[in-house]
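J.: Data file data.tsv (TSV, C-alpha atoms and all ligand atoms) is appended below.
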```
chain	number	residue	atom	x	y	z
A	22	MET	CA	-106.58	-134.30	55.58
A	23	ASP	CA	-104.30	-136.50	53.54
A	24	ARG	CA	-105.44	-137.33	50.07
A	25	LEU	CA	-105.07	-141.04	49.38
A	26	ALA	CA	-104.61	-142.55	45.94
A	27	ILE	CA	-105.16	-146.27	45.50
A	28	VAL	CA	-103.24	-147.39	42.43
A	29	VAL	CA	-104.48	-150.50	40.65
A	30	PRO	CA	-102.69	-151.94	37.61
A	31	CYS	CA	-105.10	-153.84	35.36
A	32	TYR	CA	-104.38	-156.19	32.53
A	33	ASN	CA	-107.40	-157.94	31.04
A	34	GLU	CA	-109.34	-157.57	34.26
A	35	GLU	CA	-112.86	-157.05	32.88
A	36	GLU	CA	-114.23	-159.74	35.18
A	37	VAL	CA	-113.00	-158.13	38.36
A	38	LEU	CA	-112.88	-154.43	37.58
A	39	GLN	CA	-116.32	-153.46	38.82
A	40	ILE	CA	-116.01	-155.68	41.87
A	41	ALA	CA	-112.65	-154.12	42.69
A	42	SER	CA	-113.95	-150.62	42.11
A	43	LYS	CA	-116.90	-151.19	44.43
A	44	ALA	CA	-114.79	-152.78	47.17
A	45	LEU	CA	-112.19	-150.02	47.04
A	46	ARG	CA	-114.80	-147.25	46.97
A	47	GLU	CA	-116.32	-148.74	50.09
A	48	VAL	CA	-112.92	-148.70	51.76
A	49	LEU	CA	-112.43	-145.05	50.79
A	50	ASP	CA	-115.90	-144.09	52.03
A	51	GLY	CA	-115.28	-145.85	55.34
A	52	LEU	CA	-111.94	-144.13	55.87
A	53	VAL	CA	-113.33	-140.73	54.91
A	54	LYS	CA	-116.16	-141.20	57.42
A	55	LYS	CA	-113.68	-142.06	60.14
A	56	GLY	CA	-111.77	-138.90	59.27
A	57	LYS	CA	-108.59	-140.81	58.40
A	58	ILE	CA	-108.25	-139.58	54.81
A	59	GLY	CA	-109.47	-136.62	52.81
A	60	ALA	CA	-112.81	-136.72	51.00
A	61	ASP	CA	-110.92	-136.07	47.76
A	62	SER	CA	-109.15	-139.45	47.93
A	63	PHE	CA	-109.44	-141.56	44.82
A	64	ILE	CA	-108.75	-144.84	43.03
A	65	LEU	CA	-106.46	-144.76	40.01
A	66	PHE	CA	-106.89	-147.65	37.60
A	67	VAL	CA	-103.99	-148.13	35.21
A	68	ASN	CA	-104.98	-149.99	32.09
A	69	ASP	CA	-101.91	-151.89	30.98
A	70	GLY	CA	-102.84	-152.31	27.33
A	71	SER	CA	-105.68	-154.73	28.03
A	72	LYS	CA	-107.13	-156.56	25.07
A	73	ASP	CA	-110.56	-156.90	26.63
A	74	ARG	CA	-113.11	-154.32	27.83
A	75	THR	CA	-111.10	-153.22	30.88
A	76	TRP	CA	-110.63	-149.65	29.67
A	77	GLU	CA	-114.31	-149.22	28.72
A	78	LEU	CA	-115.20	-150.36	32.21
A	79	ILE	CA	-112.75	-147.91	33.77
A	80	GLU	CA	-114.31	-145.12	31.70
A	81	ALA	CA	-117.76	-146.16	32.82
A	82	GLU	CA	-116.68	-146.23	36.48
A	83	HIS	CA	-115.15	-142.77	36.08
A	84	ALA	CA	-118.36	-141.49	34.51
A	85	ALA	CA	-120.40	-142.88	37.39
A	86	TYR	CA	-117.99	-141.74	40.14
A	87	PRO	CA	-116.00	-138.88	38.60
A	88	ALA	CA	-114.53	-137.72	41.91
A	89	GLN	CA	-113.55	-141.15	43.16
A	90	VAL	CA	-112.45	-143.21	40.18
A	91	PHE	CA	-109.64	-142.02	37.94
A	92	GLY	CA	-107.95	-143.84	35.10
A	93	VAL	CA	-104.69	-143.94	33.16
A	94	LYS	CA	-104.52	-145.72	29.84
A	95	LEU	CA	-101.10	-146.93	28.80
A	96	ALA	CA	-100.47	-147.09	25.09
A	97	GLY	CA	-99.66	-150.79	25.16
A	98	ASN	CA	-98.94	-153.69	27.49
A	99	VAL	CA	-95.77	-152.88	29.39
A	100	GLY	CA	-96.12	-155.34	32.25
A	101	HIS	CA	-97.14	-155.12	35.88
A	102	GLN	CA	-94.03	-153.38	37.22
A	103	PHE	CA	-94.10	-150.60	34.63
A	104	ALA	CA	-97.86	-150.17	34.85
A	105	LEU	CA	-97.56	-149.83	38.60
A	106	THR	CA	-94.75	-147.31	38.28
A	107	ALA	CA	-96.75	-145.27	35.78
A	108	GLY	CA	-99.66	-145.26	38.21
A	109	LEU	CA	-97.57	-144.30	41.23
A	110	ILE	CA	-95.81	-141.47	39.47
A	111	THR	CA	-99.08	-140.13	38.06
A	112	ALA	CA	-100.72	-140.41	41.47
A	113	LYS	CA	-97.96	-138.72	43.44
A	114	ASP	CA	-98.70	-135.33	41.92
A	115	LEU	CA	-102.35	-135.62	42.84
A	116	SER	CA	-102.10	-137.12	46.31
A	117	ASP	CA	-100.27	-137.18	49.63
A	118	VAL	CA	-100.04	-140.92	50.00
A	119	THR	CA	-100.46	-143.90	47.65
A	120	ILE	CA	-101.39	-147.52	48.13
A	121	SER	CA	-100.77	-150.02	45.35
A	122	ILE	CA	-102.93	-153.11	45.11
A	123	ASP	CA	-103.72	-155.75	42.48
A	124	ALA	CA	-107.05	-155.61	40.70
A	125	ASP	CA	-107.98	-159.17	41.66
A	126	LEU	CA	-108.48	-158.33	45.37
A	127	GLN	CA	-106.19	-161.16	46.45
A	128	ASP	CA	-104.71	-158.70	48.88
A	129	ASP	CA	-107.04	-157.96	51.74
A	130	VAL	CA	-108.53	-154.48	51.33
A	131	ASN	CA	-109.45	-154.49	55.02
A	132	VAL	CA	-105.86	-153.86	56.10
A	133	ILE	CA	-105.76	-150.57	54.18
A	134	GLU	CA	-107.04	-148.86	57.29
A	135	GLU	CA	-104.18	-150.30	59.31
A	136	MET	CA	-101.75	-149.11	56.63
A	137	ILE	CA	-103.14	-145.59	56.92
A	138	ASP	CA	-102.84	-145.74	60.71
A	139	LYS	CA	-99.19	-146.74	60.40
A	140	PHE	CA	-98.68	-143.93	57.90
A	141	HIS	CA	-100.10	-141.47	60.40
A	142	ALA	CA	-97.79	-142.96	63.01
A	143	GLY	CA	-94.88	-141.66	60.94
A	144	ASN	CA	-94.05	-144.45	58.50
A	145	ASP	CA	-93.31	-143.52	54.91
A	146	ILE	CA	-93.61	-147.06	53.60
A	147	VAL	CA	-95.93	-149.76	54.89
A	148	TYR	CA	-95.56	-153.25	53.40
A	149	GLY	CA	-98.48	-155.63	53.10
A	150	VAL	CA	-97.12	-159.03	54.09
A	151	ARG	CA	-98.91	-162.35	53.58
A	152	LYS	CA	-99.32	-164.43	56.68
A	153	GLU	CA	-99.86	-167.75	55.00
A	154	ARG	CA	-100.39	-169.03	51.54
A	155	LYS	CA	-103.24	-171.40	52.17
A	156	THR	CA	-105.12	-170.42	49.04
A	157	ASP	CA	-102.15	-170.67	46.70
A	158	THR	CA	-101.45	-173.95	44.98
A	159	PHE	CA	-98.54	-176.02	46.32
A	160	PHE	CA	-96.65	-175.15	43.16
A	161	LYS	CA	-97.13	-171.40	43.44
A	162	ARG	CA	-96.28	-171.50	47.13
A	163	THR	CA	-93.01	-173.39	46.77
A	164	THR	CA	-91.84	-171.48	43.71
A	165	ALA	CA	-92.62	-168.16	45.35
A	166	GLN	CA	-90.85	-169.11	48.57
A	167	GLY	CA	-87.89	-170.47	46.65
A	168	PHE	CA	-87.79	-167.12	44.92
A	169	TYR	CA	-87.43	-165.16	48.17
A	170	LYS	CA	-84.72	-167.58	49.34
A	171	VAL	CA	-82.71	-167.21	46.14
A	172	MET	CA	-83.03	-163.43	46.29
A	173	GLU	CA	-81.70	-163.49	49.83
A	174	LEU	CA	-78.79	-165.69	48.79
A	175	MET	CA	-77.95	-163.26	46.02
A	176	GLY	CA	-77.88	-160.43	48.50
A	177	VAL	CA	-81.00	-158.64	47.24
A	178	LYS	CA	-82.89	-157.03	50.08
A	179	THR	CA	-86.60	-157.84	49.77
A	180	VAL	CA	-89.38	-158.11	52.29
A	181	TYR	CA	-90.29	-161.77	52.75
A	182	ASN	CA	-93.76	-162.65	51.46
A	183	HIS	CA	-94.49	-159.13	50.35
A	184	ALA	CA	-95.70	-158.60	46.81
A	185	ASP	CA	-96.69	-155.21	45.51
A	186	PHE	CA	-99.36	-154.32	48.04
A	187	ARG	CA	-97.86	-151.37	49.86
A	188	LEU	CA	-98.37	-147.85	51.06
A	189	MET	CA	-95.91	-145.16	50.04
A	190	SER	CA	-95.95	-141.55	51.13
A	191	LYS	CA	-95.62	-138.80	48.57
A	192	ARG	CA	-91.98	-138.24	49.39
A	193	ALA	CA	-91.25	-141.98	49.17
A	194	VAL	CA	-92.73	-142.10	45.66
A	195	GLU	CA	-90.84	-138.90	44.86
A	196	GLN	CA	-87.59	-140.58	45.88
A	197	PHE	CA	-88.55	-143.76	44.05
A	198	SER	CA	-89.10	-141.76	40.87
A	199	LYS	CA	-85.41	-140.77	41.00
A	200	TYR	CA	-84.45	-144.36	40.28
A	201	LYS	CA	-84.26	-144.05	36.54
A	202	GLU	CA	-83.40	-147.67	35.77
A	203	THR	CA	-85.43	-149.43	33.12
A	204	ASN	CA	-85.13	-152.92	34.56
A	205	LEU	CA	-87.73	-152.35	37.23
A	206	PHE	CA	-88.12	-154.60	40.21
A	207	LEU	CA	-90.13	-152.64	42.72
A	208	ARG	CA	-89.83	-155.14	45.54
A	209	GLY	CA	-86.09	-154.68	45.47
A	210	MET	CA	-86.10	-150.94	44.83
A	211	VAL	CA	-88.49	-149.78	47.51
A	212	PRO	CA	-86.34	-151.05	50.41
A	213	LEU	CA	-83.47	-148.98	48.96
A	214	ILE	CA	-85.44	-145.80	49.62
A	215	GLY	CA	-84.73	-146.28	53.28
A	216	TYR	CA	-87.38	-144.23	55.05
A	217	GLN	CA	-89.09	-145.47	58.19
A	218	THR	CA	-91.12	-148.55	57.33
A	219	ASP	CA	-93.54	-150.96	58.92
A	220	CYS	CA	-95.58	-154.01	57.89
A	221	VAL	CA	-99.19	-155.10	58.11
A	222	TYR	CA	-100.09	-158.77	57.94
A	223	TYR	CA	-102.99	-160.35	56.09
A	224	ASP	CA	-104.18	-163.62	54.64
A	225	ARG	CA	-103.92	-163.83	50.91
A	226	LEU	CA	-107.30	-164.55	49.41
A	227	GLU	CA	-108.35	-166.26	46.21
A	228	ARG	CA	-108.64	-164.27	43.03
A	229	VAL	CA	-112.18	-162.83	42.92
A	230	ALA	CA	-112.62	-163.77	39.27
A	231	GLY	CA	-110.60	-164.30	36.12
A	232	GLU	CA	-107.25	-166.05	36.10
A	233	SER	CA	-103.68	-165.24	37.01
A	234	LYS	CA	-101.90	-162.94	34.59
A	235	TYR	CA	-98.61	-164.27	35.88
A	236	PRO	CA	-97.92	-167.62	34.25
A	237	LEU	CA	-94.72	-169.47	35.16
A	238	LYS	CA	-92.86	-167.87	32.29
A	239	LYS	CA	-93.56	-164.34	33.54
A	240	MET	CA	-92.76	-165.38	37.11
A	241	LEU	CA	-89.37	-166.75	36.11
A	242	ALA	CA	-88.70	-163.61	34.09
A	243	LEU	CA	-89.57	-161.48	37.13
A	244	ALA	CA	-87.27	-163.54	39.33
A	245	PHE	CA	-84.38	-163.43	36.91
A	246	ASN	CA	-84.89	-159.74	36.34
A	247	GLY	CA	-84.94	-159.19	40.09
A	248	ILE	CA	-81.64	-160.94	40.56
A	249	SER	CA	-79.87	-159.56	37.54
A	250	SER	CA	-80.99	-156.00	38.24
A	251	PHE	CA	-79.94	-156.02	41.86
A	252	SER	CA	-77.00	-158.25	42.26
A	253	VAL	CA	-73.64	-158.71	40.63
A	254	LYS	CA	-73.11	-161.82	42.77
A	255	PRO	CA	-73.45	-164.21	39.82
A	256	ILE	CA	-70.35	-162.54	38.33
A	257	SER	CA	-68.44	-162.88	41.57
A	258	MET	CA	-69.42	-166.53	41.58
A	259	ILE	CA	-67.65	-167.03	38.24
A	260	LEU	CA	-64.56	-165.41	39.68
A	261	GLY	CA	-64.81	-167.67	42.71
A	262	VAL	CA	-65.06	-170.80	40.59
A	263	GLY	CA	-62.10	-169.63	38.50
A	264	ILE	CA	-59.94	-169.15	41.57
A	265	PHE	CA	-61.03	-172.52	42.91
A	266	ILE	CA	-60.10	-174.32	39.68
A	267	VAL	CA	-56.69	-172.66	39.45
A	268	ILE	CA	-55.97	-173.85	42.98
A	269	ALA	CA	-57.31	-177.29	42.11
A	270	SER	CA	-55.04	-177.37	39.07
A	271	VAL	CA	-52.04	-177.14	41.37
A	272	LEU	CA	-53.25	-180.29	43.12
A	273	ALA	CA	-53.91	-181.88	39.76
A	274	ALA	CA	-50.35	-180.95	38.77
A	275	VAL	CA	-48.92	-182.72	41.81
A	276	TYR	CA	-50.99	-185.80	41.01
A	277	ALA	CA	-50.03	-185.73	37.34
A	278	LEU	CA	-46.34	-185.31	38.10
A	279	ILE	CA	-46.36	-188.17	40.60
A	280	SER	CA	-48.05	-190.36	38.01
A	281	PHE	CA	-45.49	-189.23	35.45
A	282	PHE	CA	-42.48	-190.10	37.59
A	283	THR	CA	-43.86	-193.39	38.80
A	284	GLY	CA	-44.23	-194.14	35.13
A	285	HIS	CA	-47.81	-195.28	34.92
A	286	VAL	CA	-48.83	-192.90	32.16
A	287	VAL	CA	-49.15	-192.79	28.42
A	288	PRO	CA	-46.73	-190.23	26.92
A	289	GLY	CA	-48.37	-186.83	26.51
A	290	TRP	CA	-51.02	-187.33	29.17
A	291	THR	CA	-49.26	-185.25	31.83
A	292	SER	CA	-48.80	-182.15	29.73
A	293	LEU	CA	-52.33	-182.42	28.35
A	294	ILE	CA	-54.06	-182.82	31.68
A	295	LEU	CA	-52.05	-179.99	33.21
A	296	SER	CA	-52.92	-177.62	30.38
A	297	ILE	CA	-56.60	-178.48	30.56
A	298	TRP	CA	-56.88	-177.75	34.27
A	299	PHE	CA	-54.71	-174.72	34.37
A	300	LEU	CA	-56.00	-173.03	31.23
A	301	GLY	CA	-59.62	-173.79	32.12
A	302	GLY	CA	-59.18	-172.19	35.52
A	303	LEU	CA	-57.29	-169.26	34.09
A	304	GLN	CA	-60.02	-168.58	31.55
A	305	LEU	CA	-62.75	-168.62	34.16
A	306	LEU	CA	-60.67	-166.36	36.35
A	307	ALA	CA	-60.19	-163.91	33.50
A	308	ILE	CA	-63.89	-163.93	32.60
A	309	GLY	CA	-64.76	-163.35	36.24
A	310	LEU	CA	-62.31	-160.47	36.43
A	311	VAL	CA	-63.70	-158.81	33.31
A	312	GLY	CA	-67.13	-159.48	34.76
A	313	GLN	CA	-66.26	-157.49	37.87
A	314	TYR	CA	-65.76	-154.44	35.70
A	315	ILE	CA	-68.93	-155.09	33.74
A	316	GLY	CA	-70.75	-155.38	37.05
A	317	LYS	CA	-69.37	-152.01	38.09
A	318	ILE	CA	-70.37	-150.45	34.77
A	319	TYR	CA	-73.83	-151.93	35.22
A	320	ILE	CA	-74.19	-150.37	38.63
A	321	GLU	CA	-72.85	-147.03	37.37
A	322	VAL	CA	-75.17	-146.77	34.38
A	323	LYS	CA	-78.19	-147.17	36.62
A	324	GLN	CA	-77.32	-143.78	38.12
A	325	ARG	CA	-79.25	-144.56	41.23
A	326	PRO	CA	-79.43	-141.84	43.85
A	327	ARG	CA	-76.41	-142.31	46.10
A	328	TYR	CA	-78.22	-141.40	49.27
A	329	ASN	CA	-81.56	-140.23	50.46
A	330	ILE	CA	-81.79	-137.62	53.19
A	331	GLU	CA	-84.57	-138.26	55.65
A	332	LYS	CA	-84.21	-135.26	57.95
A	333	VAL	CA	-81.88	-132.31	58.33
A	334	LEU	CA	-81.28	-130.48	61.59
A	335	THR	CA	-79.78	-127.01	61.20
A	336	ASN	CA	-80.38	-123.63	62.72
A	337	GLU	CA	-81.64	-122.24	59.40
A	338	GLU	CA	-85.31	-121.96	58.62
A	339	ALA	CA	-86.27	-124.68	56.17
A	401	LIG	N1	-100.93	-157.01	35.49
A	401	LIG	C1	-100.58	-155.93	34.69
A	401	LIG	N2	-99.88	-156.17	33.52
A	401	LIG	C2	-99.47	-157.42	33.15
A	401	LIG	C3	-99.80	-158.51	34.01
A	401	LIG	C4	-100.52	-158.26	35.17
A	401	LIG	O1	-100.90	-154.78	34.99
A	401	LIG	O2	-98.86	-157.56	32.10
A	401	LIG	C5	-101.69	-156.74	36.74
A	401	LIG	C6	-102.94	-157.58	36.90
A	401	LIG	O3	-104.03	-156.98	36.26
A	401	LIG	C7	-103.10	-157.60	38.41
A	401	LIG	C8	-101.67	-157.57	38.90
A	401	LIG	O4	-100.87	-157.11	37.81
A	401	LIG	O5	-103.77	-156.46	38.91
A	401	LIG	C9	-101.17	-158.91	39.38
A	401	LIG	O6	-101.43	-159.92	38.44
A	401	LIG	P1	-102.04	-161.33	38.85
A	401	LIG	O7	-103.06	-161.16	39.92
A	401	LIG	O8	-102.52	-162.01	37.61
A	401	LIG	O9	-100.76	-162.07	39.43
A	401	LIG	P2	-100.72	-163.20	40.58
A	401	LIG	O10	-101.52	-162.67	41.73
A	401	LIG	O11	-101.32	-164.41	39.99
A	401	LIG	O12	-99.27	-163.34	40.89
A	402	MG	MG	-103.31	-161.96	41.73
```
Just give me the structure as structure tokens.
Ligand code: UDP
Ligand code: MG

T.:
Amino acid sequence: MDRLAIVVPCYNEEEVLQIASKALREVLDGLVKKGKIGADSFILFVNDGSKDRTWELIEAEHAAYPAQVFGVKLAGNVGHQFALTAGLITAKDLSDVTISIDADLQDDVNVIEEMIDKFHAGNDIVYGVRKERKTDTFFKRTTAQGFYKVMELMGVKTVYNHADFRLMSKRAVEQFSKYKETNLFLRGMVPLIGYQTDCVYYDRLERVAGESKYPLKKMLALAFNGISSFSVKPISMILGVGIFIVIASVLAAVYALISFFTGHVVPGWTSLILSIWFLGGLQLLAIGLVGQYIGKIYIEVKQRPRYNIEKVLTNEEA
């Protein structure tokens, strides 16, 4: 039977920790009873340098349910994406399949069973996708949707309306762990893994207790990090603008010369205006060109795996 690890990053979640632990234990028990996962499945809480009693509560839960509740304590607050990565990589050595979920139970724990079913149907990655955002504020909803649109425009492949609630098989996490980059953006990285994937749909619920640990500032940082870690399009845009302005400067030159010969201009205007347009365009063009190389260097230094083999068919015994 497959051993499931549910990975839960927690930052100052003392209000929800016990509720989350109970809800997730019930899910595990239910799945074990149905024979869908091994009895040795567990929950792994990752304490992301919480300043409140989160870690004490994790310890207490572990003491009460030593076989079902595990914990990892990070040495300081490193942020959701890193905490999640730490949890997944720790869990992969102890389990066959992982599911990541937020501590606040905004993601519906009842679709975990469906995720497991899809895993057994041969999917290595199963995304939890929100159906609607009824419970989110108008502000959160529009900013989040704007975010997915911008990502798409920038050519970053993400799954629409999917946050970090997802199932990953052991080998998917294994492959993920080969992405050594420090600017983590899991929602962009996981689709790069490329194994067979599927989605489950659920309604996003309200936070059980406590408040969002993602204020606007952190959200903007996540969005900018997502774009700048995955796309060199902004650099190409500079190059594009540069080319456009150089072309426009030719038109400006025609206009300036006509004005010059029809004699409607102050002396010196023609040469000035021509220099401004042409040099401005040339500078942007040059910056864009240099940027292309920087973009390449950026992609190279990430040293991402160049491919990921899913299956091999040969006549040799594996
Ligand atoms: N979180 C974390 N480290 C941080 C911020 C958040 O581990 O620095 C965790 C948090 O405990 C929660 C998850 O990330 O389990 C998502 O945070 P939250 O629910 O506050 O975000 P929202 O749902 O409001 O976007
Ligand atoms: Mg939340």

J.: If we count all atoms listed in the file and set the cut-off at 9 Å, which residues sit around Val118 of chain A, ignoring sequence neighbours fewer than 2 positions away in its own chain? Please answer as a PyMOL selection string.

T.: chain A and resi 23-27+112-113+116+120+137+140+145+188-194

J.: What does the structure give for the distance between atom CA of Phe168 of chain A and atom CA of Lys254 of chain A, in Å to one decimal?

T.: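 Pair atom CA of Phe168 of chain A / atom CA of Lys254 of chain A returns 15.8 Å.
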
J.: Kindly compile the residues surrounding ligand LIG 401 (chain A) within 9 Å, counting only C-alpha atoms and all ligand atoms, and format them as a ChimeraX atom specification.

T.: /A:29-34,67-71,98-105,122-128,161,184-185,227-228,231-236,239-240

J.: Which is closest to Ile266 of chain A among A:Gln313, A:Gln324, A:Gln304, A:Thr218, if we use all atoms listed in the file?

T.: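 Smallest distance to Ile266 of chain A is found for A:Gln304.
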
J.: Using only C-alpha atoms, determine which residues lie at most 12 Å from Ile214 of chain A, disregarding the query and same-chain residues fewer than 3 positions distant; provide the list as a PyMOL selection string.

T.: chain A and resi 145-146+178+189-190+192-200+207-211+217-218+325-331

J.: Could you give me, as a count of residues only, the residues that sit within 8 Å of (-111.3, -136.1, 47.9) in the file's coordinates, counting only C-alpha atoms?

T.: 8

J.: Would you mind telling me which residue in A:Lys170, A:Tyr276, A:Val229, A:Ala242 lies nearest to Val37 of chain A when using all atoms listed in the file?

T.: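 Looking only at the distances to Val37 of chain A, the closest residue turns out to be A:Val229.
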
J.: Counting only C-alpha atoms, which residues sit no farther than 10 Å from the position (-100.6, -138.4, 60.1) in the file's frame? I'd like them as a PyMOL selection string.

T.: chain A and resi 22-23+57-58+137-144

J.: Record the distance separating atom CA of Val180 of chain A and atom CA of Asp117 of chain A, expressed in Å with one decimal.

T.: 23.7 Å

J.: Given the choices A:Val253, A:Ile297, A:Ile259, A:Ala85, which gets closest to Ile320 of chain A if the distance is worked out from only C-alpha atoms?

T.: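 Comparing A:Val253, A:Ile297, A:Ile259, A:Ala85 against Ile320 of chain A, the winner is A:Val253.
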
J.: Report, in Å to a single decimal, how far apart atom CA of Phe91 of chain A and atom CA of Lys72 of chain A are.

T.: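 We find that atom CA of Lys72 of chain A and atom CA of Phe91 of chain A lie 19.6 Å from each other.
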
J.: For ligand MG 402 (chain A), which of A:Val267, A:Ile318, A:Met258, A:Ala230 is the closest residue, counting only C-alpha atoms and all ligand atoms?

T.: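 Answer, going by the shortest atom-to-atom distance: A:Ala230.
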
J.: Using only C-alpha atoms and all ligand atoms, can you tell me which of A:Trp76, A:Lys94, A:Val28, A:Asp157 comes closest to ligand MG 402 (chain A)?

T.: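 So, comparing all the options, the nearest one is A:Asp157.
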
J.: Which residue out of A:Leu226, A:Ile79, A:Met136, A:Met175 has the minimum interatomic distance to ligand MG 402 (chain A) when all atoms listed in the file are used?

T.: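 Closest to ligand MG 402 (chain A), using all atoms listed in the file: A:Leu226.
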